[in-house]
Structure formats: C-alpha cells, structure tokens
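For reference, the structure is listed below as structure tokens.
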2 protein chains.
Amino acid sequence: MKYCSNCGSPVGRRVPPGDSLPRYVCDACGSIHYQNPKLVVGAVPEWDGRLLLCRRAIEPRYGYWTLPAGFMENGETAAAAAVRETLEEAGAQIELAPAFSMISVPAVNQVHLFYRARLLDLEFKPGAESLEVALFEEAAVPWRDVAFRTVGLTLKHWFADRSRGGFGFHTEDVN
Amino acid sequence: MKYCSNCGSPVGRRVPPGDSLPRYVCDACGSIHYQNPKLVVGAVPEWDGRLLLCRRAIEPRYGYWTLPAGFMENGETAAAAAVRETLEEAGAQIELAPAFSMISVPAVNQVHLFYRARLLDLEFKPGAESLEVALFEEAAVPWRDVAFRTVGLTLKHWFADRSRGGFGFHTEDVN
C-alpha cells in the first residue's frame, strides 16, 4: 500500500501512537490501514471412503490437486464459505461435518481451515477454477501432485483419523 | 475504500470478470482490492479453576469484561497471536492448550478464535488496553458485563465442558 484508500493521499509506514507495529498511516486524513491474515476455508468431502479433490485451473499451482477451498468473504460464516467454495470449484453439494483442521501459514499471512463434509450426490463437475474433479481412495491420492502443504497435511490427518476410528480437530503451523 | 492504495486513483465498485461479487476495482492500474474477514484470536487462561478476564480500557465496550484477544497480525501464527494478546492485555504468561472455540461474526466480518490456556503465574497486570485484570470462578463471572457475545459463549462452553469432565472444540455463528 502506498496511497490512502480513504482520501487518496500518499501514506507512510510507521508505528502509530499506542501501537507496537508499523502500519500504513495517512497524515492527510489520519487513517491507519491495518493489514491482517486472511482465512482460506474449505472442505474435505467424502463419498464412501473416498475424498473429492480438484485439479487447479488457476495459478498458483496450476494443474496440481487440492481440496475445494478459497478466501472467506465478508458477510459470510466460515461454514458458509466452505459450502460455497465446494460448490464453486467442484460443483458439489455437501453436508458439513465438524471443523477438522486449522493450519497457520504465516509466510503468506493466511490461516487455512477445513471442515469434514459428506458429499450428497455424485453430480459434481469442475467449476471455472478447476480442470477436473475426482474421488480418490487413500492409495490413489496423487500425493506428489498435491497443490499445498496444508492440503497434504489435512488429507494425511483425515486418513490417519479414519484408520484409528475417530476424527479430531487438528491445529498446526507450516513454515 | 474510495481510492486505490496502489496508485491513488479513485476506485469503483463492480464485479470483476470471472468473479461473482463486487470488488473495489481501479481502472487506472487494474488493481482489485479484496476485503475479507479478520481473525480475532485470544485465550481462556485458567488458574486453579478460575478464568482470567480483562476489563476493557478502550472502545468498543469500554468498561466491560472480556477474555484477552485481539486482531491476529501478519506474519504470526494463530497460536502466537493468542499468547501475544494475553501478554499485551493482561501482562500474563500462559501455556497454550488446544483450540477451544471458533465463532463466526458475519455482521462485522470477523471470526473469533479462542485457545484454552494455563496461566503460568499470578504476576498478571493490566496492559494499556485494560482497566483491570482478575480471576473469576464460575459464580463470580460478571455475566451481564461481558463485552462480547463470543466471549460469553466461550466462557459458558468452558464451564459446561469442565462440568462434564472433557473439553471439546466448539464452532458456531452469532447474528
């Protein structure tokens, strides 16, 4: 950021009074422009022991496989974001189950949150941001072509939890 | 937002190609300015069955009681944010326990996340944003003077879970 989004004047980066971190501050109108991590929210849709993955039609990681997920929007709940992204990217209708993993990625100022989910039918089809959508049993997951570490960790937790007979909530950090 | 933070030109609000929601778009430099929910992260610090609350020295909800919490910063993990906010607002050192509650507040574009925590000593003292800091057993919690619904819900879940002998992870929405 170099200009004030409220008045269009150039902004400087300094620690405001009473704060402890540098912010973009506008001397013209007094606005302080905070920048905070974004939530990426998605689902782990299951059908009969297989999980739904999407092959990305966009950068970053074009051509790699991911769980349906995307940036949470203003005005929606985290659960609604998971349902919406699954519909947008995989054309898939799901019933959400409890939250399953939450992984901080401080290097890119993101927190990735995944819910377990039950696929309601097999009418899925790739959305504009996906090349293809398919169901994978554990042995068939294209592990070397998984798009993001948070997705790989979430998939590993899911299969491990299923093996031991109970699903938990997993929090961790990457990088 | 009315001006482009990249180039200072006025921005308009419209749906960019390939998108489905209106965004602030700059025709001068092509920037699209997304606005997404923020994470508010905090802790539920316990000492011998009592919980640490802070009385707010800032708006909103000046004078009301809250758990230590605040906006997660770029470059940090959610867990680090909970520890930092507890130190800043309550002068308190904690050892984090598992994540405990995650509550979407779509009306203000926020997600509130609280971790359970163990207070490491009794050397707490109010930070700049707190009037006072104190430990409360369940019967002494100032329920009518709790600052935010997400804090009240988190406190209720905590005492209910303790009564039944096990702590879960609670997700819900308010509004």
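Residues are referred to by chain and number: the chain letter is A, B, ... according to the order shown in the structure tokens, the number counts from 1 in that chain, and ligands are numbered separately from 1 in the order shown.
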Please provide as a list in words all residues within 7 Å of Leu135 of chain A, with the sequence filter that same-chain residues fewer than 2 positions apart are discarded (counting only C-alpha atoms). Arg50, Leu51, Leu52, Leu53 and Glu137 of chain A
Residue list (strand (DSSP E), DSSP) for chain B, as a count of residues only: 63
Please return, as a PyMOL selection string, all residues of chain A lying within 8 Å of chain B when only C-alpha atoms are considered. chain A and resi 1-10+35-39+71-78+98-99+104-109+111+169+171+173
Residue selection dump (N, CA and C atoms) as a compact mmCIF listing (two decimals), in the first residue's frame:
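Wrote again_32.txt, looks like this:
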# COMPACT_ATOMS: atom_id res chain seq x y z
N MET A 1 0.84 -1.20 0.00
CA MET A 1 0.00 0.00 0.00
C MET A 1 0.86 1.24 0.00
N LYS A 2 0.52 2.20 -0.85
CA LYS A 2 1.30 3.44 -0.93
C LYS A 2 0.40 4.67 -0.86
N TYR A 3 -0.91 4.47 -1.03
CA TYR A 3 -1.84 5.60 -1.02
C TYR A 3 -3.00 5.28 -0.07
N CYS A 4 -3.57 6.33 0.48
CA CYS A 4 -4.67 6.15 1.43
C CYS A 4 -5.96 5.79 0.68
N SER A 5 -6.57 4.67 1.07
CA SER A 5 -7.80 4.26 0.39
C SER A 5 -8.98 5.15 0.76
N ASN A 6 -8.84 5.94 1.82
CA ASN A 6 -9.93 6.84 2.20
C ASN A 6 -9.87 8.19 1.50
N CYS A 7 -8.63 8.71 1.27
CA CYS A 7 -8.54 10.06 0.70
C CYS A 7 -7.61 10.16 -0.50
N GLY A 8 -6.87 9.11 -0.82
CA GLY A 8 -6.02 9.11 -2.00
C GLY A 8 -4.65 9.75 -1.80
N SER A 9 -4.36 10.22 -0.58
CA SER A 9 -3.05 10.83 -0.33
C SER A 9 -1.98 9.75 -0.13
N PRO A 10 -0.71 10.08 -0.38
CA PRO A 10 0.35 9.11 -0.10
C PRO A 10 0.39 8.77 1.39
N GLN A 35 -3.23 -4.34 8.12
CA GLN A 35 -3.21 -5.49 7.21
C GLN A 35 -3.13 -6.74 8.06
N ASN A 36 -4.06 -7.67 7.83
CA ASN A 36 -4.19 -8.83 8.70
C ASN A 36 -4.30 -10.10 7.88
N PRO A 37 -4.02 -11.24 8.51
CA PRO A 37 -4.10 -12.52 7.78
C PRO A 37 -5.50 -12.77 7.24
N LYS A 38 -5.54 -13.55 6.16
CA LYS A 38 -6.81 -13.94 5.57
C LYS A 38 -7.10 -15.40 5.87
N LEU A 39 -8.38 -15.71 5.98
CA LEU A 39 -8.83 -17.09 6.17
C LEU A 39 -9.12 -17.73 4.82
N PHE A 71 -10.77 -18.06 -0.38
CA PHE A 71 -10.83 -16.98 0.60
C PHE A 71 -12.25 -16.78 1.11
N MET A 72 -12.39 -16.76 2.41
CA MET A 72 -13.65 -16.42 3.04
C MET A 72 -14.02 -14.98 2.67
N GLU A 73 -15.32 -14.75 2.42
CA GLU A 73 -15.79 -13.42 2.01
C GLU A 73 -16.40 -12.67 3.19
N ASN A 74 -16.33 -11.35 3.13
CA ASN A 74 -17.06 -10.55 4.11
C ASN A 74 -18.54 -10.93 4.10
N GLY A 75 -19.14 -10.93 5.27
CA GLY A 75 -20.58 -11.16 5.37
C GLY A 75 -20.98 -12.62 5.45
N GLU A 76 -20.04 -13.54 5.35
CA GLU A 76 -20.41 -14.94 5.45
C GLU A 76 -19.75 -15.58 6.67
N THR A 77 -20.28 -16.74 7.06
CA THR A 77 -19.67 -17.51 8.14
C THR A 77 -18.61 -18.44 7.55
N ALA A 78 -17.76 -18.97 8.40
CA ALA A 78 -16.73 -19.90 7.94
C ALA A 78 -17.39 -21.13 7.33
N PRO A 98 -18.12 -31.51 11.47
CA PRO A 98 -17.31 -30.58 12.28
C PRO A 98 -16.02 -30.13 11.61
N ALA A 99 -15.55 -28.96 12.05
CA ALA A 99 -14.25 -28.45 11.61
C ALA A 99 -13.19 -29.51 11.88
N SER A 104 -2.00 -22.50 10.39
CA SER A 104 -1.48 -21.16 10.14
C SER A 104 -0.33 -21.23 9.14
N VAL A 105 -0.32 -20.30 8.21
CA VAL A 105 0.75 -20.20 7.21
C VAL A 105 1.28 -18.77 7.26
N PRO A 106 2.10 -18.47 8.29
CA PRO A 106 2.49 -17.07 8.50
C PRO A 106 3.30 -16.49 7.34
N ALA A 107 3.98 -17.32 6.57
CA ALA A 107 4.79 -16.80 5.46
C ALA A 107 3.94 -16.09 4.42
N VAL A 108 2.67 -16.47 4.31
CA VAL A 108 1.79 -15.82 3.33
C VAL A 108 0.59 -15.15 4.01
N ASN A 109 0.67 -15.00 5.34
CA ASN A 109 -0.38 -14.30 6.09
C ASN A 109 -1.76 -14.94 5.87
N VAL A 111 -4.52 -18.28 7.24
CA VAL A 111 -4.91 -19.42 8.09
C VAL A 111 -5.84 -20.28 7.25
N PHE A 169 -9.79 -32.63 15.89
CA PHE A 169 -9.57 -31.31 15.30
C PHE A 169 -8.08 -31.03 15.39
N THR A 171 -4.75 -28.68 14.82
CA THR A 171 -4.20 -27.34 14.60
C THR A 171 -2.69 -27.44 14.50
N ASP A 173 1.06 -25.40 12.38
CA ASP A 173 1.62 -24.30 11.60
C ASP A 173 2.53 -24.88 10.53
Selection near Pro142 of chain A, 10 Å with only C-alpha atoms, sequence-local residues under 6 positions removed, as a list of chain:residue names: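 Close residues of Pro142 of chain A: A:Leu53, A:Tyr64, A:Trp65, A:Thr66, A:Phe136, A:Gly152.
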Would you mind writing down, as a ChimeraX atom specification, each residue of chain A that DSSP on the backbone assigns to helix (DSSP H, G or I)? /A:78-90,106-108,138-140,143-145,149-164
Write the residues of the preceding selection, restricted to C-alpha atoms, as a PDB file, in the first residue's frame.
ATOM      1  CA  ALA A  78     -16.728 -19.896   7.935  1.00  0.00           C
ATOM      2  CA  ALA A  79     -19.120 -22.812   7.420  1.00  0.00           C
ATOM      3  CA  ALA A  80     -20.902 -20.983   4.589  1.00  0.00           C
ATOM      4  CA  ALA A  81     -17.548 -20.281   2.937  1.00  0.00           C
ATOM      5  CA  ALA A  82     -16.683 -23.995   2.941  1.00  0.00           C
ATOM      6  CA  VAL A  83     -20.015 -24.909   1.327  1.00  0.00           C
ATOM      7  CA  ARG A  84     -19.768 -22.099  -1.245  1.00  0.00           C
ATOM      8  CA  GLU A  85     -16.201 -22.904  -2.287  1.00  0.00           C
ATOM      9  CA  THR A  86     -17.057 -26.584  -2.703  1.00  0.00           C
ATOM     10  CA  LEU A  87     -19.968 -25.678  -4.933  1.00  0.00           C
ATOM     11  CA  GLU A  88     -17.939 -23.145  -6.939  1.00  0.00           C
ATOM     12  CA  GLU A  89     -14.830 -25.249  -7.507  1.00  0.00           C
ATOM     13  CA  ALA A  90     -16.271 -28.757  -7.669  1.00  0.00           C
ATOM     14  CA  PRO A 106       2.493 -17.069   8.496  1.00  0.00           C
ATOM     15  CA  ALA A 107       4.791 -16.798   5.461  1.00  0.00           C
ATOM     16  CA  VAL A 108       1.791 -15.823   3.333  1.00  0.00           C
ATOM     17  CA  GLU A 138      -6.164 -43.243   0.081  1.00  0.00           C
ATOM     18  CA  ALA A 139      -3.866 -45.334  -2.151  1.00  0.00           C
ATOM     19  CA  ALA A 140      -4.882 -43.352  -5.237  1.00  0.00           C
ATOM     20  CA  TRP A 143       0.444 -37.197  -3.126  1.00  0.00           C
ATOM     21  CA  ARG A 144       3.299 -35.780  -5.188  1.00  0.00           C
ATOM     22  CA  ASP A 145       0.908 -33.529  -7.069  1.00  0.00           C
ATOM     23  CA  ARG A 149       1.174 -28.380   2.209  1.00  0.00           C
ATOM     24  CA  THR A 150      -1.937 -27.535   4.215  1.00  0.00           C
ATOM     25  CA  VAL A 151      -3.988 -29.763   1.894  1.00  0.00           C
ATOM     26  CA  GLY A 152      -1.490 -32.622   2.146  1.00  0.00           C
ATOM     27  CA  LEU A 153      -1.445 -32.372   5.954  1.00  0.00           C
ATOM     28  CA  THR A 154      -5.234 -32.280   6.107  1.00  0.00           C
ATOM     29  CA  LEU A 155      -5.547 -35.350   3.866  1.00  0.00           C
ATOM     30  CA  LYS A 156      -2.979 -37.258   5.941  1.00  0.00           C
ATOM     31  CA  HIS A 157      -4.794 -36.389   9.165  1.00  0.00           C
ATOM     32  CA  TRP A 158      -8.087 -37.495   7.643  1.00  0.00           C
ATOM     33  CA  PHE A 159      -6.874 -40.930   6.581  1.00  0.00           C
ATOM     34  CA  ALA A 160      -4.969 -41.405   9.865  1.00  0.00           C
ATOM     35  CA  ASP A 161      -8.025 -40.472  11.932  1.00  0.00           C
ATOM     36  CA  ARG A 162     -10.222 -42.793   9.898  1.00  0.00           C
ATOM     37  CA  SER A 163      -7.758 -45.636  10.480  1.00  0.00           C
ATOM     38  CA  ARG A 164      -7.829 -45.146  14.230  1.00  0.00           C
TER      39      ARG A 164
END
Distance in Å - atom CA of Gly30 of chain A versus atom CA of Pro16 of chain A: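 For atom CA of Gly30 of chain A relative to atom CA of Pro16 of chain A, the distance reads 10.2 Å.
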Surrounding residues of Ala57 of chain B excluding itself and chain neighbours under 2 positions, 9 Å, only C-alpha atoms, as a PyMOL selection string: chain B and resi 54-55+59+61-64+128-132
Take the residues from that selection and put them in a file with all heavy atoms, as an mmCIF file, in the first residue's frame.
data_model
loop_
_atom_site.group_PDB
_atom_site.id
_atom_site.type_symbol
_atom_site.label_atom_id
_atom_site.label_comp_id
_atom_site.auth_asym_id
_atom_site.auth_seq_id
_atom_site.Cartn_x
_atom_site.Cartn_y
_atom_site.Cartn_z
ATOM 1 N N CYS B 54 -10.285 -9.511 31.477
ATOM 2 C CA CYS B 54 -9.767 -8.141 31.432
ATOM 3 C C CYS B 54 -10.939 -7.178 31.301
ATOM 4 O O CYS B 54 -11.856 -7.420 30.512
ATOM 5 C CB CYS B 54 -8.869 -7.940 30.211
ATOM 6 S SG CYS B 54 -7.534 -9.133 30.042
ATOM 7 N N ARG B 55 -10.885 -6.069 32.035
ATOM 8 C CA ARG B 55 -11.911 -5.039 31.863
ATOM 9 C C ARG B 55 -11.384 -4.010 30.872
ATOM 10 O O ARG B 55 -10.298 -3.446 31.077
ATOM 11 C CB ARG B 55 -12.262 -4.385 33.206
ATOM 12 C CG ARG B 55 -13.618 -3.665 33.155
ATOM 13 C CD ARG B 55 -14.249 -3.568 34.530
ATOM 14 N NE ARG B 55 -13.611 -2.533 35.318
ATOM 15 C CZ ARG B 55 -13.958 -1.241 35.301
ATOM 16 N NH1 ARG B 55 -14.953 -0.832 34.538
ATOM 17 N NH2 ARG B 55 -13.322 -0.370 36.059
ATOM 18 N N GLU B 59 -12.701 1.525 23.581
ATOM 19 C CA GLU B 59 -13.930 1.214 22.845
ATOM 20 C C GLU B 59 -13.619 0.198 21.769
ATOM 21 O O GLU B 59 -12.484 0.158 21.300
ATOM 22 C CB GLU B 59 -14.505 2.497 22.229
ATOM 23 C CG GLU B 59 -14.955 3.546 23.225
ATOM 24 C CD GLU B 59 -16.163 3.136 24.057
ATOM 25 O OE1 GLU B 59 -16.791 2.101 23.728
ATOM 26 O OE2 GLU B 59 -16.469 3.836 25.032
ATOM 27 N N ARG B 61 -17.103 -1.151 23.852
ATOM 28 C CA ARG B 61 -17.374 -1.868 25.101
ATOM 29 C C ARG B 61 -16.405 -1.498 26.221
ATOM 30 O O ARG B 61 -15.993 -2.345 27.014
ATOM 31 C CB ARG B 61 -17.404 -3.380 24.873
ATOM 32 C CG ARG B 61 -18.347 -3.822 23.774
ATOM 33 C CD ARG B 61 -19.795 -3.530 24.062
ATOM 34 N NE ARG B 61 -20.413 -4.577 24.871
ATOM 35 C CZ ARG B 61 -21.535 -4.402 25.565
ATOM 36 N NH1 ARG B 61 -22.149 -3.218 25.562
ATOM 37 N NH2 ARG B 61 -22.042 -5.386 26.272
ATOM 38 N N TYR B 62 -16.062 -0.192 26.285
ATOM 39 C CA TYR B 62 -15.236 0.316 27.382
ATOM 40 C C TYR B 62 -15.879 -0.076 28.718
ATOM 41 O O TYR B 62 -17.085 0.082 28.909
ATOM 42 C CB TYR B 62 -15.128 1.838 27.272
ATOM 43 C CG TYR B 62 -14.300 2.482 28.350
ATOM 44 C CD1 TYR B 62 -12.991 2.869 28.115
ATOM 45 C CD2 TYR B 62 -14.836 2.705 29.619
ATOM 46 C CE1 TYR B 62 -12.222 3.472 29.113
ATOM 47 C CE2 TYR B 62 -14.081 3.294 30.630
ATOM 48 C CZ TYR B 62 -12.769 3.678 30.366
ATOM 49 O OH TYR B 62 -12.028 4.255 31.351
ATOM 50 N N GLY B 63 -15.057 -0.585 29.625
ATOM 51 C CA GLY B 63 -15.540 -0.903 30.970
ATOM 52 C C GLY B 63 -16.136 -2.283 31.118
ATOM 53 O O GLY B 63 -16.426 -2.722 32.236
ATOM 54 N N TYR B 64 -16.340 -2.989 30.013
ATOM 55 C CA TYR B 64 -16.890 -4.344 30.071
ATOM 56 C C TYR B 64 -15.763 -5.375 30.111
ATOM 57 O O TYR B 64 -14.619 -5.089 29.744
ATOM 58 C CB TYR B 64 -17.804 -4.589 28.863
ATOM 59 C CG TYR B 64 -19.120 -3.854 28.954
ATOM 60 C CD1 TYR B 64 -19.206 -2.489 28.698
ATOM 61 C CD2 TYR B 64 -20.291 -4.522 29.328
ATOM 62 C CE1 TYR B 64 -20.406 -1.806 28.800
ATOM 63 C CE2 TYR B 64 -21.498 -3.853 29.428
ATOM 64 C CZ TYR B 64 -21.545 -2.496 29.163
ATOM 65 O OH TYR B 64 -22.744 -1.817 29.263
ATOM 66 N N ALA B 128 -2.117 -1.624 28.462
ATOM 67 C CA ALA B 128 -2.634 -0.298 28.097
ATOM 68 C C ALA B 128 -4.112 -0.340 27.702
ATOM 69 O O ALA B 128 -4.816 0.650 27.834
ATOM 70 C CB ALA B 128 -1.809 0.282 26.955
ATOM 71 N N GLU B 129 -4.590 -1.494 27.236
ATOM 72 C CA GLU B 129 -5.975 -1.574 26.765
ATOM 73 C C GLU B 129 -6.930 -2.145 27.815
ATOM 74 O O GLU B 129 -8.080 -2.429 27.520
ATOM 75 C CB GLU B 129 -6.028 -2.415 25.482
ATOM 76 C CG GLU B 129 -5.216 -1.775 24.350
ATOM 77 C CD GLU B 129 -5.315 -2.518 23.029
ATOM 78 O OE1 GLU B 129 -5.949 -3.589 22.975
ATOM 79 O OE2 GLU B 129 -4.740 -2.020 22.053
ATOM 80 N N SER B 130 -6.413 -2.338 29.046
ATOM 81 C CA SER B 130 -7.239 -2.914 30.115
ATOM 82 C C SER B 130 -7.252 -2.009 31.339
ATOM 83 O O SER B 130 -6.231 -1.413 31.699
ATOM 84 C CB SER B 130 -6.701 -4.291 30.534
ATOM 85 O OG SER B 130 -6.642 -5.163 29.429
ATOM 86 N N LEU B 131 -8.431 -1.924 31.987
ATOM 87 C CA LEU B 131 -8.547 -1.164 33.238
ATOM 88 C C LEU B 131 -8.122 -2.013 34.425
ATOM 89 O O LEU B 131 -7.496 -1.541 35.362
ATOM 90 C CB LEU B 131 -9.991 -0.706 33.437
ATOM 91 C CG LEU B 131 -10.557 0.264 32.405
ATOM 92 C CD1 LEU B 131 -12.065 0.412 32.583
ATOM 93 C CD2 LEU B 131 -9.856 1.614 32.522
ATOM 94 N N GLU B 132 -8.520 -3.288 34.384
ATOM 95 C CA GLU B 132 -8.110 -4.216 35.432
ATOM 96 C C GLU B 132 -8.151 -5.635 34.893
ATOM 97 O O GLU B 132 -8.765 -5.903 33.853
ATOM 98 C CB GLU B 132 -8.989 -4.087 36.687
ATOM 99 C CG GLU B 132 -10.469 -4.225 36.424
ATOM 100 C CD GLU B 132 -11.311 -4.034 37.702
ATOM 101 O OE1 GLU B 132 -10.962 -4.609 38.748
ATOM 102 O OE2 GLU B 132 -12.332 -3.332 37.612
#
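In this model, the gap between atom CA of Glu46 of chain B and atom CA of Phe124 of chain B comes to 12.3 Å.
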Please measure the separation of atom CA of Pro126 of chain B and atom CA of Ala92 of chain B, giving the value in Å to one decimal. 8.9 Å
Nearest-residue call for Glu95 of chain A, choices A:Ile32, A:Val44, A:Ile58, A:Leu67, using only C-alpha atoms: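 Smallest distance to Glu95 of chain A is found for A:Val44.
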Using only C-alpha atoms, which protein or nucleic acid residues come within 6 Å of Leu119 of chain B? Drop anything in the same chain fewer than 6 positions from it, and give the result as a PDB file with all heavy atoms, in the first residue's frame.
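Now in around.pdb:
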ATOM      1  N   PRO B  45      -7.415 -18.186  29.774  1.00  0.00           N
ATOM      2  CA  PRO B  45      -6.370 -18.575  30.724  1.00  0.00           C
ATOM      3  C   PRO B  45      -6.972 -19.014  32.064  1.00  0.00           C
ATOM      4  O   PRO B  45      -7.762 -18.297  32.673  1.00  0.00           O
ATOM      5  CB  PRO B  45      -5.548 -17.287  30.905  1.00  0.00           C
ATOM      6  CG  PRO B  45      -6.018 -16.339  29.821  1.00  0.00           C
ATOM      7  CD  PRO B  45      -7.443 -16.738  29.564  1.00  0.00           C
ATOM      8  N   GLU B  46      -6.579 -20.201  32.515  1.00  0.00           N
ATOM      9  CA  GLU B  46      -7.100 -20.764  33.758  1.00  0.00           C
ATOM     10  C   GLU B  46      -6.029 -20.833  34.840  1.00  0.00           C
ATOM     11  O   GLU B  46      -4.861 -21.110  34.553  1.00  0.00           O
ATOM     12  CB  GLU B  46      -7.602 -22.190  33.504  1.00  0.00           C
ATOM     13  CG  GLU B  46      -8.215 -22.803  34.757  1.00  0.00           C
ATOM     14  CD  GLU B  46      -8.161 -24.333  34.771  1.00  0.00           C
ATOM     15  OE1 GLU B  46      -7.594 -24.915  33.815  1.00  0.00           O
ATOM     16  OE2 GLU B  46      -8.649 -24.930  35.733  1.00  0.00           O
ATOM     17  N   TRP B  47      -6.458 -20.569  36.061  1.00  0.00           N
ATOM     18  CA  TRP B  47      -5.599 -20.781  37.238  1.00  0.00           C
ATOM     19  C   TRP B  47      -6.465 -21.423  38.314  1.00  0.00           C
ATOM     20  O   TRP B  47      -7.384 -20.793  38.815  1.00  0.00           O
ATOM     21  CB  TRP B  47      -4.998 -19.458  37.741  1.00  0.00           C
ATOM     22  CG  TRP B  47      -4.160 -19.607  38.967  1.00  0.00           C
ATOM     23  CD1 TRP B  47      -4.585 -19.631  40.264  1.00  0.00           C
ATOM     24  CD2 TRP B  47      -2.737 -19.779  39.017  1.00  0.00           C
ATOM     25  NE1 TRP B  47      -3.537 -19.793  41.121  1.00  0.00           N
ATOM     26  CE2 TRP B  47      -2.376 -19.887  40.374  1.00  0.00           C
ATOM     27  CE3 TRP B  47      -1.722 -19.850  38.051  1.00  0.00           C
ATOM     28  CZ2 TRP B  47      -1.046 -20.076  40.788  1.00  0.00           C
ATOM     29  CZ3 TRP B  47      -0.405 -20.017  38.464  1.00  0.00           C
ATOM     30  CH2 TRP B  47      -0.077 -20.129  39.814  1.00  0.00           C
ATOM     31  N   ILE B  94       1.231 -17.423  29.585  1.00  0.00           N
ATOM     32  CA  ILE B  94       0.402 -18.630  29.528  1.00  0.00           C
ATOM     33  C   ILE B  94       1.110 -19.747  28.769  1.00  0.00           C
ATOM     34  O   ILE B  94       2.012 -19.500  27.966  1.00  0.00           O
ATOM     35  CB  ILE B  94      -0.960 -18.363  28.832  1.00  0.00           C
ATOM     36  CG1 ILE B  94      -0.761 -17.762  27.427  1.00  0.00           C
ATOM     37  CG2 ILE B  94      -1.836 -17.468  29.685  1.00  0.00           C
ATOM     38  CD1 ILE B  94      -2.038 -17.642  26.608  1.00  0.00           C
TER      39      ILE B  94
END
